[in-house]
Amino acid sequence: MIERTTSVVRFAVLDRWDSPQISGAPTSYAWPVAKLGEVAHVRLGIQVPRKGSKLSGVARPYLRAINVRRAELDLTDVKTMHLPETQAIDLTLQQGDLLFVEGSGSVTEVGRAALWNDSIPGAVHQNSVIRARLHDERLDPGYVITWFNSRAGNAYIREQATTTSGLYHIGASKLAGAPIPIPPIDIQRQVVATYRETLQSAEKAKCRSVVLTNAAWDFFDAQLIDATETAAAADVVTVTEFSALDRWDTDITPIGITSPYPLVRLDVVADIRLGVQLQRSNTGGQDVPYLRVANVQRGYLDLTDVKTMNVRPDTIARLVLKRHDLLFLEANSLEEVGRCARWDGQIPLCIHQNHVIRARLRTTDLLPEYVEAWFNSPAGGSHVRARARTTSGTLYTIPVNVLADAPVPVPPVEEQNRLFAKLQQGLAEARSSLVDAERLREQAEADLIAALASVL
């Protein structure tokens, strides 16, 4: 049964679409509203037979949650299962079928939807994918997909998704209750065209941000390392052998880059120290704030959640941070291990945990902001990432002595200033483009709501 308007439950907090400008879905719509189960046949797919089960029935390609992206299909890895022929017939996908992800470890991904294009004849769907086959001619399939992938259209799914172990599920019966406003078909198509056009503009702005970011770092690196070494230094996977340098002024192991400027090892110009292990009990000392991995981002500190631990006075004296100290991640993913941020004394008394390494410069020949930028650059970080250790394949660590060996080019201070300023300018342009992308994404959501919501 179709209602003229319907109330929609409060829109859940989302980390994909949160915005201070747009709060969520409208409370009512300007067009008739139906539930998905009233305009489509909704059904769950079939469970994949267990490994080792006797093969019987017919072999069919099947879609999993990983194949159903937001508004598109990824068919680069489609697997095959055996199932009874009657089930294969019932589950065979048809062009125009709507496919929804039934479960995900992220609440922001539950219910993402794509339109089946019949590119794999005879394909069926697993029980991690819900199929909805429209039987109401008033609805354009592209509009329905756009609606459910939008913030407003996804509100019901986010509210209804349940979890017991961190994996969120919607289920076919709950999905069938999702509301869909039904404007005239020409308005549906206009909504889709406007939404997609704005999102495409947002994607272009996002891509431009990536290009500008890469260009800023590439320019920075190109001024500091020889051109013939640029590609090798940027490739953190293959930098494993190190050529001799003719500019070393200390007795050290050679490294894998050459520079037009003198190269020094970090421990020659800085005092390097690992932090303290987290104290689980009261040591009889003082409660002090400490920085951990979550606080040290690439090029900035996130101090929204700084914890405290109880440590003795001698530990405080040894580890208290001073303005311009450089902080490095001792453990993280291969892409993030060794990322660096500069301490500006935002907290009067603060120390660091043992997953954070501190480097305190003891020379005026190097600017702290320049050294921070160097270690965050592809070339500057390649030494650390090439020598990072792992036992799990996911968590990489850098011993203090590895960071101590890291090379730092030393151009004149005025050149360091120039390079840092140029880098900051390029990154600011990239951030501006990223802000444009977010604004356009929000505009797409606002336009969709404006076209469908009733005017109070």
# chains A, B, ... in the order shown; residues from 1 in each chain; ligands from 1

call {"tool": "select_by_dssp", "arguments": {"residues": "stretch 263-318 of chain A", "states": "strand (DSSP E or B)", "output": "PyMOL selection string"}}
result
chain A and resi 263-265+270-274+276+286-291+296+301+307-311

call {"tool": "residues_around", "arguments": {"residues": "A:Gln277", "least_positions_apart": "5", "cutoff": "12 Å", "atoms": "only C-alpha atoms", "output": "PyMOL selection string"}}
result
chain A and resi 290-292+309-311+315+319+351-357

call {"tool": "write_last_selection", "arguments": {"atoms": "N, CA, C and O atoms", "output": "short mmCIF file (atom, residue, chain, number, x, y, z; two decimals), in the first residue's frame"}}
result
data_model
loop_
_atom_site.label_atom_id
_atom_site.label_comp_id
_atom_site.auth_asym_id
_atom_site.auth_seq_id
_atom_site.Cartn_x
_atom_site.Cartn_y
_atom_site.Cartn_z
N TYR A 290 50.44 11.80 28.12
CA TYR A 290 51.45 11.19 27.26
C TYR A 290 50.89 11.04 25.85
O TYR A 290 49.67 10.90 25.65
N LEU A 291 51.80 11.09 24.88
CA LEU A 291 51.41 10.92 23.48
C LEU A 291 51.59 9.47 23.08
O LEU A 291 52.59 8.84 23.40
N ARG A 292 50.60 8.96 22.32
CA ARG A 292 50.65 7.60 21.80
C ARG A 292 50.49 7.66 20.29
O ARG A 292 50.41 8.75 19.71
N MET A 309 49.24 8.82 32.33
CA MET A 309 49.74 7.66 33.06
C MET A 309 50.52 8.15 34.28
O MET A 309 50.98 9.30 34.32
N ASN A 310 50.66 7.26 35.25
CA ASN A 310 51.37 7.61 36.48
C ASN A 310 52.83 7.17 36.35
O ASN A 310 53.11 5.99 36.16
N VAL A 311 53.75 8.13 36.41
CA VAL A 311 55.17 7.83 36.24
C VAL A 311 55.99 8.55 37.32
O VAL A 311 55.55 9.56 37.89
N THR A 315 61.43 9.63 35.37
CA THR A 315 60.91 9.34 34.03
C THR A 315 60.40 10.62 33.37
O THR A 315 60.63 10.86 32.17
N LEU A 319 61.81 12.23 29.85
CA LEU A 319 60.97 12.15 28.65
C LEU A 319 60.11 13.39 28.40
O LEU A 319 59.37 13.41 27.41
N ILE A 351 54.76 13.71 28.13
CA ILE A 351 55.80 12.75 27.78
C ILE A 351 55.30 11.91 26.61
O ILE A 351 54.25 12.19 26.03
N HIS A 352 56.02 10.86 26.25
CA HIS A 352 55.61 10.01 25.13
C HIS A 352 55.76 8.54 25.48
O HIS A 352 56.66 8.14 26.22
N GLN A 353 54.84 7.75 24.93
CA GLN A 353 54.82 6.30 25.15
C GLN A 353 55.92 5.64 24.33
O GLN A 353 56.53 6.27 23.46
N ASN A 354 56.15 4.35 24.58
CA ASN A 354 57.26 3.67 23.90
C ASN A 354 56.96 3.30 22.45
O ASN A 354 57.83 2.75 21.77
N HIS A 355 55.78 3.59 21.94
CA HIS A 355 55.51 3.40 20.51
C HIS A 355 55.76 4.69 19.74
O HIS A 355 55.47 4.79 18.55
N VAL A 356 56.29 5.69 20.45
CA VAL A 356 56.66 6.97 19.85
C VAL A 356 58.12 7.25 20.16
O VAL A 356 58.55 7.13 21.31
N ILE A 357 58.88 7.60 19.13
CA ILE A 357 60.30 7.93 19.29
C ILE A 357 60.47 9.44 19.18
O ILE A 357 59.90 10.06 18.28
#

call {"tool": "residues_around", "arguments": {"residues": "stretch 52-68 of chain A", "least_positions_apart": "5", "cutoff": "6 Å", "atoms": "only C-alpha atoms", "output": "ChimeraX atom specification"}}
result
/A:73-75,79-85,101,123-126,128-129

call {"tool": "atom_distance", "arguments": {"atom1": "atom CA of A:Pro262", "atom2": "atom CA of A:Pro411"}}
result
7.2 Å

call {"tool": "residues_around", "arguments": {"residues": "A:Ala176", "least_positions_apart": "4", "cutoff": "10 Å", "atoms": "only C-alpha atoms", "output": "PyMOL selection string"}}
result
chain A and resi 35-43+132+170-172

call {"tool": "select_by_dssp", "arguments": {"residues": "stretch 338-414 of chain A", "states": "helix (DSSP H, G or I)", "output": "list in words"}}
result
Pro368, Glu369, Tyr370, Val371, Glu372, Ala373, Trp374, Phe375, Asn376, Pro378, Ala379, Gly380, Gly381, Ser382, His383, Val384, Arg385, Ala386, Arg387, Val400, Asn401, Val402, Leu403, Ala404, Val413 and Glu414 of chain A

call {"tool": "residues_around", "arguments": {"residues": "stretch 397-409 of chain A", "least_positions_apart": "4", "cutoff": "9 Å", "atoms": "only C-alpha atoms", "output": "JSON, numbers by chain"}}
result
{"A": [224, 225, 252, 253, 255, 257, 258, 259, 260, 261, 262, 263, 264, 265, 266, 267, 268, 270, 272, 273, 274, 328, 329, 330, 331, 332, 333, 334, 337, 338, 355, 357, 371, 374, 375, 380, 381, 383, 384, 385, 387, 388, 389, 390]}

call {"tool": "closest_atom_pairs", "arguments": {"of": "stretch 312-420 of chain A", "to": "stretch 207-217 of chain A", "cutoff": "10 Å", "atoms": "only C-alpha atoms", "output": "CSV"}}
result
residue,atom,partner,partner_atom,distance
A:Ala373,CA,A:Trp217,CA,9.1
A:Trp374,CA,A:Trp217,CA,9.4
A:Asn376,CA,A:Trp217,CA,9.1
A:Ser377,CA,A:Trp217,CA,6.1
A:Pro378,CA,A:Trp217,CA,7.4
A:Ala379,CA,A:Trp217,CA,9.2
A:Leu419,CA,A:Ala216,CA,9.9

call {"tool": "write_last_selection", "arguments": {"atoms": "all heavy atoms", "output": "JSON list (two decimals), in the first residue's frame"}}
result
[["chain", "number", "residue", "atom", "x", "y", "z"],
["A", 373, "ALA", "N", 59.22, 17.67, 7.55],
["A", 373, "ALA", "CA", 58.77, 17.50, 6.17],
["A", 373, "ALA", "C", 59.61, 16.45, 5.44],
["A", 373, "ALA", "O", 59.08, 15.63, 4.69],
["A", 373, "ALA", "CB", 58.82, 18.83, 5.42],
["A", 374, "TRP", "N", 60.91, 16.45, 5.68],
["A", 374, "TRP", "CA", 61.79, 15.48, 5.01],
["A", 374, "TRP", "C", 61.39, 14.06, 5.35],
["A", 374, "TRP", "O", 61.25, 13.21, 4.47],
["A", 374, "TRP", "CB", 63.24, 15.74, 5.40],
["A", 374, "TRP", "CG", 64.17, 14.61, 5.06],
["A", 374, "TRP", "CD1", 64.81, 13.77, 5.94],
["A", 374, "TRP", "CD2", 64.56, 14.16, 3.75],
["A", 374, "TRP", "NE1", 65.55, 12.84, 5.27],
["A", 374, "TRP", "CE2", 65.42, 13.06, 3.92],
["A", 374, "TRP", "CE3", 64.25, 14.59, 2.46],
["A", 374, "TRP", "CZ2", 65.98, 12.38, 2.85],
["A", 374, "TRP", "CZ3", 64.81, 13.91, 1.38],
["A", 374, "TRP", "CH2", 65.67, 12.82, 1.58],
["A", 376, "ASN", "N", 58.56, 12.97, 6.32],
["A", 376, "ASN", "CA", 57.21, 12.66, 5.83],
["A", 376, "ASN", "C", 57.16, 12.56, 4.31],
["A", 376, "ASN", "O", 56.13, 12.16, 3.76],
["A", 376, "ASN", "CB", 56.22, 13.72, 6.31],
["A", 376, "ASN", "CG", 55.85, 13.53, 7.78],
["A", 376, "ASN", "OD1", 55.85, 12.41, 8.30],
["A", 376, "ASN", "ND2", 55.54, 14.63, 8.45],
["A", 377, "SER", "N", 58.24, 12.91, 3.64],
["A", 377, "SER", "CA", 58.28, 12.84, 2.18],
["A", 377, "SER", "C", 58.55, 11.41, 1.73],
["A", 377, "SER", "O", 59.08, 10.59, 2.49],
["A", 377, "SER", "CB", 59.35, 13.78, 1.63],
["A", 377, "SER", "OG", 60.65, 13.24, 1.88],
["A", 378, "PRO", "N", 58.22, 11.07, 0.48],
["A", 378, "PRO", "CA", 58.51, 9.72, -0.02],
["A", 378, "PRO", "C", 59.98, 9.36, 0.09],
["A", 378, "PRO", "O", 60.32, 8.25, 0.52],
["A", 378, "PRO", "CB", 58.03, 9.78, -1.48],
["A", 378, "PRO", "CG", 56.98, 10.83, -1.49],
["A", 378, "PRO", "CD", 57.44, 11.87, -0.50],
["A", 379, "ALA", "N", 60.86, 10.25, -0.31],
["A", 379, "ALA", "CA", 62.29, 9.95, -0.26],
["A", 379, "ALA", "C", 62.80, 9.88, 1.18],
["A", 379, "ALA", "O", 63.53, 8.97, 1.56],
["A", 379, "ALA", "CB", 63.08, 11.00, -1.04],
["A", 419, "LEU", "N", 62.08, 25.74, 0.70],
["A", 419, "LEU", "CA", 61.48, 24.45, 0.34],
["A", 419, "LEU", "C", 60.25, 24.16, 1.21],
["A", 419, "LEU", "O", 59.23, 23.68, 0.72],
["A", 419, "LEU", "CB", 62.50, 23.33, 0.49],
["A", 419, "LEU", "CG", 63.62, 23.30, -0.55],
["A", 419, "LEU", "CD1", 64.62, 22.20, -0.22],
["A", 419, "LEU", "CD2", 63.05, 23.10, -1.94]]

call {"tool": "closest_residue", "arguments": {"among": "A:Lys204, A:Arg339, A:Arg360, A:His169", "to": "A:Gly299", "atoms": "only C-alpha atoms"}}
result
A:Arg339

call {"tool": "closest_residue", "arguments": {"among": "A:Glu197, A:Ala114, A:Pro121, A:Gly105", "to": "A:Leu167", "atoms": "only C-alpha atoms"}}
result
A:Gly105

call {"tool": "residues_around", "arguments": {"residues": "A:Arg312", "least_positions_apart": "3", "cutoff": "12 Å", "atoms": "only C-alpha atoms", "output": "PyMOL selection string"}}
result
chain A and resi 276+279+281-288+309+315-320+351

call {"tool": "write_last_selection", "arguments": {"atoms": "C-alpha atoms", "output": "mmCIF file, in the first residue's frame"}}
result
data_model
loop_
_atom_site.group_PDB
_atom_site.id
_atom_site.type_symbol
_atom_site.label_atom_id
_atom_site.label_comp_id
_atom_site.auth_asym_id
_atom_site.auth_seq_id
_atom_site.Cartn_x
_atom_site.Cartn_y
_atom_site.Cartn_z
ATOM 1 C CA VAL A 276 58.119 4.764 28.314
ATOM 2 C CA GLN A 279 52.204 1.918 33.252
ATOM 3 C CA SER A 281 49.338 0.702 37.934
ATOM 4 C CA ASN A 282 50.187 3.598 40.214
ATOM 5 C CA THR A 283 53.960 3.969 40.525
ATOM 6 C CA GLY A 284 53.743 6.429 43.372
ATOM 7 C CA GLY A 285 54.669 9.205 40.986
ATOM 8 C CA GLN A 286 52.674 11.820 39.116
ATOM 9 C CA ASP A 287 49.845 11.533 36.574
ATOM 10 C CA VAL A 288 51.038 13.178 33.359
ATOM 11 C CA MET A 309 49.743 7.656 33.064
ATOM 12 C CA THR A 315 60.910 9.345 34.029
ATOM 13 C CA ILE A 316 59.244 12.723 33.612
ATOM 14 C CA ALA A 317 62.591 14.491 33.629
ATOM 15 C CA ARG A 318 63.947 12.074 31.024
ATOM 16 C CA LEU A 319 60.972 12.154 28.649
ATOM 17 C CA VAL A 320 59.320 15.559 29.041
ATOM 18 C CA ILE A 351 55.800 12.752 27.776
#

call {"tool": "residues_around", "arguments": {"residues": "A:Asn149", "least_positions_apart": "6", "cutoff": "9 Å", "atoms": "only C-alpha atoms", "output": "list in words"}}
result
Arg70, Ala71, Gly111, Arg112, Ala113 and Ala114 of chain A

call {"tool": "write_last_selection", "arguments": {"atoms": "all heavy atoms", "output": "CSV table (one decimal), in the first residue's frame"}}
result
chain,number,residue,atom,x,y,z
A,70,ARG,N,29.6,0.7,-4.1
A,70,ARG,CA,28.6,1.7,-4.1
A,70,ARG,C,28.3,2.3,-5.5
A,70,ARG,O,29.2,3.0,-6.1
A,70,ARG,CB,29.0,2.9,-3.1
A,70,ARG,CG,27.9,3.8,-2.8
A,70,ARG,CD,28.4,4.8,-1.7
A,70,ARG,NE,28.7,4.2,-0.5
A,70,ARG,CZ,27.9,3.8,0.5
A,70,ARG,NH1,26.6,4.0,0.3
A,70,ARG,NH2,28.3,3.2,1.6
A,71,ALA,N,27.2,1.9,-6.1
A,71,ALA,CA,26.8,2.3,-7.4
A,71,ALA,C,27.6,1.7,-8.5
A,71,ALA,O,27.4,2.1,-9.7
A,71,ALA,CB,26.8,3.8,-7.5
A,111,GLY,N,24.3,-2.1,3.3
A,111,GLY,CA,23.2,-1.6,2.4
A,111,GLY,C,23.7,-0.9,1.2
A,111,GLY,O,22.9,-0.4,0.4
A,112,ARG,N,25.0,-0.8,1.0
A,112,ARG,CA,25.5,-0.1,-0.3
A,112,ARG,C,24.9,-0.9,-1.4
A,112,ARG,O,24.8,-2.2,-1.3
A,112,ARG,CB,27.0,0.0,-0.3
A,112,ARG,CG,27.7,-1.3,-0.5
A,112,ARG,CD,29.2,-1.0,-0.7
A,112,ARG,NE,29.9,-2.3,-0.9
A,112,ARG,CZ,30.8,-2.9,0.0
A,112,ARG,NH1,31.0,-2.3,1.2
A,112,ARG,NH2,31.3,-4.0,-0.3
A,113,ALA,N,24.6,-0.3,-2.5
A,113,ALA,CA,23.8,-0.9,-3.6
A,113,ALA,C,24.4,-0.6,-4.9
A,113,ALA,O,25.1,0.4,-5.2
A,113,ALA,CB,22.4,-0.4,-3.5
A,114,ALA,N,24.2,-1.6,-5.8
A,114,ALA,CA,24.6,-1.5,-7.2
A,114,ALA,C,23.6,-2.1,-8.1
A,114,ALA,O,22.8,-3.0,-7.7
A,114,ALA,CB,26.0,-2.1,-7.5

call {"tool": "closest_residue", "arguments": {"among": "A:Ala161, A:Val191, A:Leu134, A:Ala222", "to": "A:Leu423", "atoms": "only C-alpha atoms"}}
result
A:Ala222

call {"tool": "atom_distance", "arguments": {"atom1": "atom CA of A:Asp365", "atom2": "atom CA of A:Asn417"}}
result
11.5 Å

call {"tool": "atom_distance", "arguments": {"atom1": "atom CA of A:Arg441", "atom2": "atom CA of A:Gly153"}}
result
14.9 Å

call {"tool": "closest_residue", "arguments": {"among": "A:Glu137, A:Asp186, A:Glu203, A:Asp325", "to": "A:Ser433", "atoms": "only C-alpha atoms"}}
result
A:Glu203

call {"tool": "decode", "arguments": {"residues": "stretch 91-122 of chain A", "atoms": "N, CA, C and O atoms", "output": "PDB file, in the first residue's frame"}}
result
ATOM      1  N   LEU A  91      17.766 -18.139  -8.317  1.00  0.00           N
ATOM      2  CA  LEU A  91      18.712 -17.111  -7.890  1.00  0.00           C
ATOM      3  C   LEU A  91      19.442 -16.426  -9.042  1.00  0.00           C
ATOM      4  O   LEU A  91      20.239 -15.513  -8.810  1.00  0.00           O
ATOM      5  N   THR A  92      19.203 -16.866 -10.269  1.00  0.00           N
ATOM      6  CA  THR A  92      19.889 -16.249 -11.409  1.00  0.00           C
ATOM      7  C   THR A  92      19.516 -14.776 -11.515  1.00  0.00           C
ATOM      8  O   THR A  92      18.341 -14.404 -11.520  1.00  0.00           O
ATOM      9  N   LEU A  93      20.536 -13.957 -11.603  1.00  0.00           N
ATOM     10  CA  LEU A  93      20.324 -12.510 -11.671  1.00  0.00           C
ATOM     11  C   LEU A  93      19.851 -12.091 -13.053  1.00  0.00           C
ATOM     12  O   LEU A  93      20.251 -12.677 -14.060  1.00  0.00           O
ATOM     13  N   GLN A  94      19.014 -11.066 -13.073  1.00  0.00           N
ATOM     14  CA  GLN A  94      18.516 -10.506 -14.327  1.00  0.00           C
ATOM     15  C   GLN A  94      18.935  -9.046 -14.425  1.00  0.00           C
ATOM     16  O   GLN A  94      19.116  -8.367 -13.410  1.00  0.00           O
ATOM     17  N   GLN A  95      19.095  -8.588 -15.652  1.00  0.00           N
ATOM     18  CA  GLN A  95      19.464  -7.185 -15.850  1.00  0.00           C
ATOM     19  C   GLN A  95      18.452  -6.277 -15.171  1.00  0.00           C
ATOM     20  O   GLN A  95      17.244  -6.471 -15.287  1.00  0.00           O
ATOM     21  N   GLY A  96      18.968  -5.287 -14.422  1.00  0.00           N
ATOM     22  CA  GLY A  96      18.103  -4.372 -13.695  1.00  0.00           C
ATOM     23  C   GLY A  96      17.872  -4.764 -12.256  1.00  0.00           C
ATOM     24  O   GLY A  96      17.264  -3.987 -11.500  1.00  0.00           O
ATOM     25  N   ASP A  97      18.352  -5.953 -11.845  1.00  0.00           N
ATOM     26  CA  ASP A  97      18.222  -6.336 -10.439  1.00  0.00           C
ATOM     27  C   ASP A  97      19.015  -5.369  -9.565  1.00  0.00           C
ATOM     28  O   ASP A  97      20.113  -4.922  -9.938  1.00  0.00           O
ATOM     29  N   LEU A  98      18.483  -5.054  -8.399  1.00  0.00           N
ATOM     30  CA  LEU A  98      19.164  -4.211  -7.425  1.00  0.00           C
ATOM     31  C   LEU A  98      19.872  -5.107  -6.416  1.00  0.00           C
ATOM     32  O   LEU A  98      19.255  -6.013  -5.852  1.00  0.00           O
ATOM     33  N   LEU A  99      21.148  -4.874  -6.194  1.00  0.00           N
ATOM     34  CA  LEU A  99      21.939  -5.703  -5.290  1.00  0.00           C
ATOM     35  C   LEU A  99      22.389  -4.881  -4.094  1.00  0.00           C
ATOM     36  O   LEU A  99      22.944  -3.790  -4.257  1.00  0.00           O
ATOM     37  N   PHE A 100      22.162  -5.407  -2.891  1.00  0.00           N
ATOM     38  CA  PHE A 100      22.499  -4.724  -1.645  1.00  0.00           C
ATOM     39  C   PHE A 100      23.451  -5.583  -0.824  1.00  0.00           C
ATOM     40  O   PHE A 100      23.279  -6.798  -0.748  1.00  0.00           O
ATOM     41  N   VAL A 101      24.431  -4.939  -0.197  1.00  0.00           N
ATOM     42  CA  VAL A 101      25.331  -5.644   0.720  1.00  0.00           C
ATOM     43  C   VAL A 101      24.581  -5.882   2.021  1.00  0.00           C
ATOM     44  O   VAL A 101      24.130  -4.935   2.667  1.00  0.00           O
ATOM     45  N   GLU A 102      24.459  -7.153   2.402  1.00  0.00           N
ATOM     46  CA  GLU A 102      23.669  -7.507   3.588  1.00  0.00           C
ATOM     47  C   GLU A 102      24.411  -7.271   4.889  1.00  0.00           C
ATOM     48  O   GLU A 102      23.812  -6.932   5.911  1.00  0.00           O
ATOM     49  N   GLY A 103      25.731  -7.446   4.881  1.00  0.00           N
ATOM     50  CA  GLY A 103      26.502  -7.301   6.112  1.00  0.00           C
ATOM     51  C   GLY A 103      27.880  -6.732   5.845  1.00  0.00           C
ATOM     52  O   GLY A 103      28.459  -6.930   4.779  1.00  0.00           O
ATOM     53  N   SER A 104      28.409  -6.021   6.834  1.00  0.00           N
ATOM     54  CA  SER A 104      29.737  -5.431   6.706  1.00  0.00           C
ATOM     55  C   SER A 104      30.285  -5.149   8.098  1.00  0.00           C
ATOM     56  O   SER A 104      29.532  -4.973   9.059  1.00  0.00           O
ATOM     57  N   GLY A 105      31.602  -5.106   8.195  1.00  0.00           N
ATOM     58  CA  GLY A 105      32.233  -4.744   9.449  1.00  0.00           C
ATOM     59  C   GLY A 105      32.131  -3.264   9.743  1.00  0.00           C
ATOM     60  O   GLY A 105      32.405  -2.828  10.855  1.00  0.00           O
ATOM     61  N   SER A 106      31.725  -2.480   8.756  1.00  0.00           N
ATOM     62  CA  SER A 106      31.559  -1.035   8.921  1.00  0.00           C
ATOM     63  C   SER A 106      30.099  -0.671   8.721  1.00  0.00           C
ATOM     64  O   SER A 106      29.493  -1.027   7.705  1.00  0.00           O
ATOM     65  N   VAL A 107      29.533   0.043   9.681  1.00  0.00           N
ATOM     66  CA  VAL A 107      28.132   0.437   9.556  1.00  0.00           C
ATOM     67  C   VAL A 107      27.938   1.380   8.378  1.00  0.00           C
ATOM     68  O   VAL A 107      26.828   1.508   7.850  1.00  0.00           O
ATOM     69  N   THR A 108      29.004   2.025   7.932  1.00  0.00           N
ATOM     70  CA  THR A 108      28.883   2.937   6.787  1.00  0.00           C
ATOM     71  C   THR A 108      28.759   2.194   5.466  1.00  0.00           C
ATOM     72  O   THR A 108      28.455   2.807   4.451  1.00  0.00           O
ATOM     73  N   GLU A 109      29.003   0.890   5.453  1.00  0.00           N
ATOM     74  CA  GLU A 109      28.962   0.137   4.202  1.00  0.00           C
ATOM     75  C   GLU A 109      27.769  -0.808   4.096  1.00  0.00           C
ATOM     76  O   GLU A 109      27.507  -1.364   3.030  1.00  0.00           O
ATOM     77  N   VAL A 110      27.049  -1.029   5.203  1.00  0.00           N
ATOM     78  CA  VAL A 110      25.870  -1.893   5.144  1.00  0.00           C
ATOM     79  C   VAL A 110      24.829  -1.271   4.221  1.00  0.00           C
ATOM     80  O   VAL A 110      24.533  -0.084   4.323  1.00  0.00           O
ATOM     81  N   GLY A 111      24.290  -2.067   3.308  1.00  0.00           N
ATOM     82  CA  GLY A 111      23.236  -1.588   2.433  1.00  0.00           C
ATOM     83  C   GLY A 111      23.708  -0.854   1.196  1.00  0.00           C
ATOM     84  O   GLY A 111      22.886  -0.371   0.425  1.00  0.00           O
ATOM     85  N   ARG A 112      25.034  -0.760   0.990  1.00  0.00           N
ATOM     86  CA  ARG A 112      25.468  -0.117  -0.259  1.00  0.00           C
ATOM     87  C   ARG A 112      24.913  -0.942  -1.420  1.00  0.00           C
ATOM     88  O   ARG A 112      24.758  -2.163  -1.324  1.00  0.00           O
ATOM     89  N   ALA A 113      24.627  -0.267  -2.506  1.00  0.00           N
ATOM     90  CA  ALA A 113      23.843  -0.901  -3.565  1.00  0.00           C
ATOM     91  C   ALA A 113      24.424  -0.632  -4.939  1.00  0.00           C
ATOM     92  O   ALA A 113      25.057   0.389  -5.179  1.00  0.00           O
ATOM     93  N   ALA A 114      24.176  -1.589  -5.842  1.00  0.00           N
ATOM     94  CA  ALA A 114      24.603  -1.462  -7.240  1.00  0.00           C
ATOM     95  C   ALA A 114      23.571  -2.143  -8.125  1.00  0.00           C
ATOM     96  O   ALA A 114      22.787  -2.987  -7.675  1.00  0.00           O
ATOM     97  N   LEU A 115      23.578  -1.770  -9.394  1.00  0.00           N
ATOM     98  CA  LEU A 115      22.623  -2.289 -10.371  1.00  0.00           C
ATOM     99  C   LEU A 115      23.285  -3.384 -11.193  1.00  0.00           C
ATOM    100  O   LEU A 115      24.386  -3.204 -11.719  1.00  0.00           O
ATOM    101  N   TRP A 116      22.627  -4.539 -11.290  1.00  0.00           N
ATOM    102  CA  TRP A 116      23.179  -5.648 -12.065  1.00  0.00           C
ATOM    103  C   TRP A 116      23.000  -5.389 -13.556  1.00  0.00           C
ATOM    104  O   TRP A 116      21.924  -5.011 -14.016  1.00  0.00           O
ATOM    105  N   ASN A 117      24.104  -5.593 -14.305  1.00  0.00           N
ATOM    106  CA  ASN A 117      24.092  -5.288 -15.736  1.00  0.00           C
ATOM    107  C   ASN A 117      24.124  -6.523 -16.622  1.00  0.00           C
ATOM    108  O   ASN A 117      24.334  -6.414 -17.830  1.00  0.00           O
ATOM    109  N   ASP A 118      23.956  -7.690 -16.009  1.00  0.00           N
ATOM    110  CA  ASP A 118      23.915  -8.968 -16.747  1.00  0.00           C
ATOM    111  C   ASP A 118      25.195  -9.228 -17.531  1.00  0.00           C
ATOM    112  O   ASP A 118      25.180  -9.861 -18.590  1.00  0.00           O
ATOM    113  N   SER A 119      26.330  -8.750 -16.994  1.00  0.00           N
ATOM    114  CA  SER A 119      27.604  -8.930 -17.691  1.00  0.00           C
ATOM    115  C   SER A 119      28.156 -10.344 -17.549  1.00  0.00           C
ATOM    116  O   SER A 119      29.056 -10.731 -18.291  1.00  0.00           O
ATOM    117  N   ILE A 120      27.633 -11.105 -16.602  1.00  0.00           N
ATOM    118  CA  ILE A 120      28.038 -12.512 -16.448  1.00  0.00           C
ATOM    119  C   ILE A 120      26.767 -13.355 -16.517  1.00  0.00           C
ATOM    120  O   ILE A 120      26.033 -13.462 -15.530  1.00  0.00           O
ATOM    121  N   PRO A 121      26.465 -13.947 -17.659  1.00  0.00           N
ATOM    122  CA  PRO A 121      25.237 -14.734 -17.800  1.00  0.00           C
ATOM    123  C   PRO A 121      25.193 -15.876 -16.782  1.00  0.00           C
ATOM    124  O   PRO A 121      26.191 -16.542 -16.524  1.00  0.00           O
ATOM    125  N   GLY A 122      24.030 -16.066 -16.186  1.00  0.00           N
ATOM    126  CA  GLY A 122      23.847 -17.183 -15.266  1.00  0.00           C
ATOM    127  C   GLY A 122      24.349 -16.942 -13.859  1.00  0.00           C
ATOM    128  O   GLY A 122      24.298 -17.850 -13.020  1.00  0.00           O
TER     129      GLY A 122
END
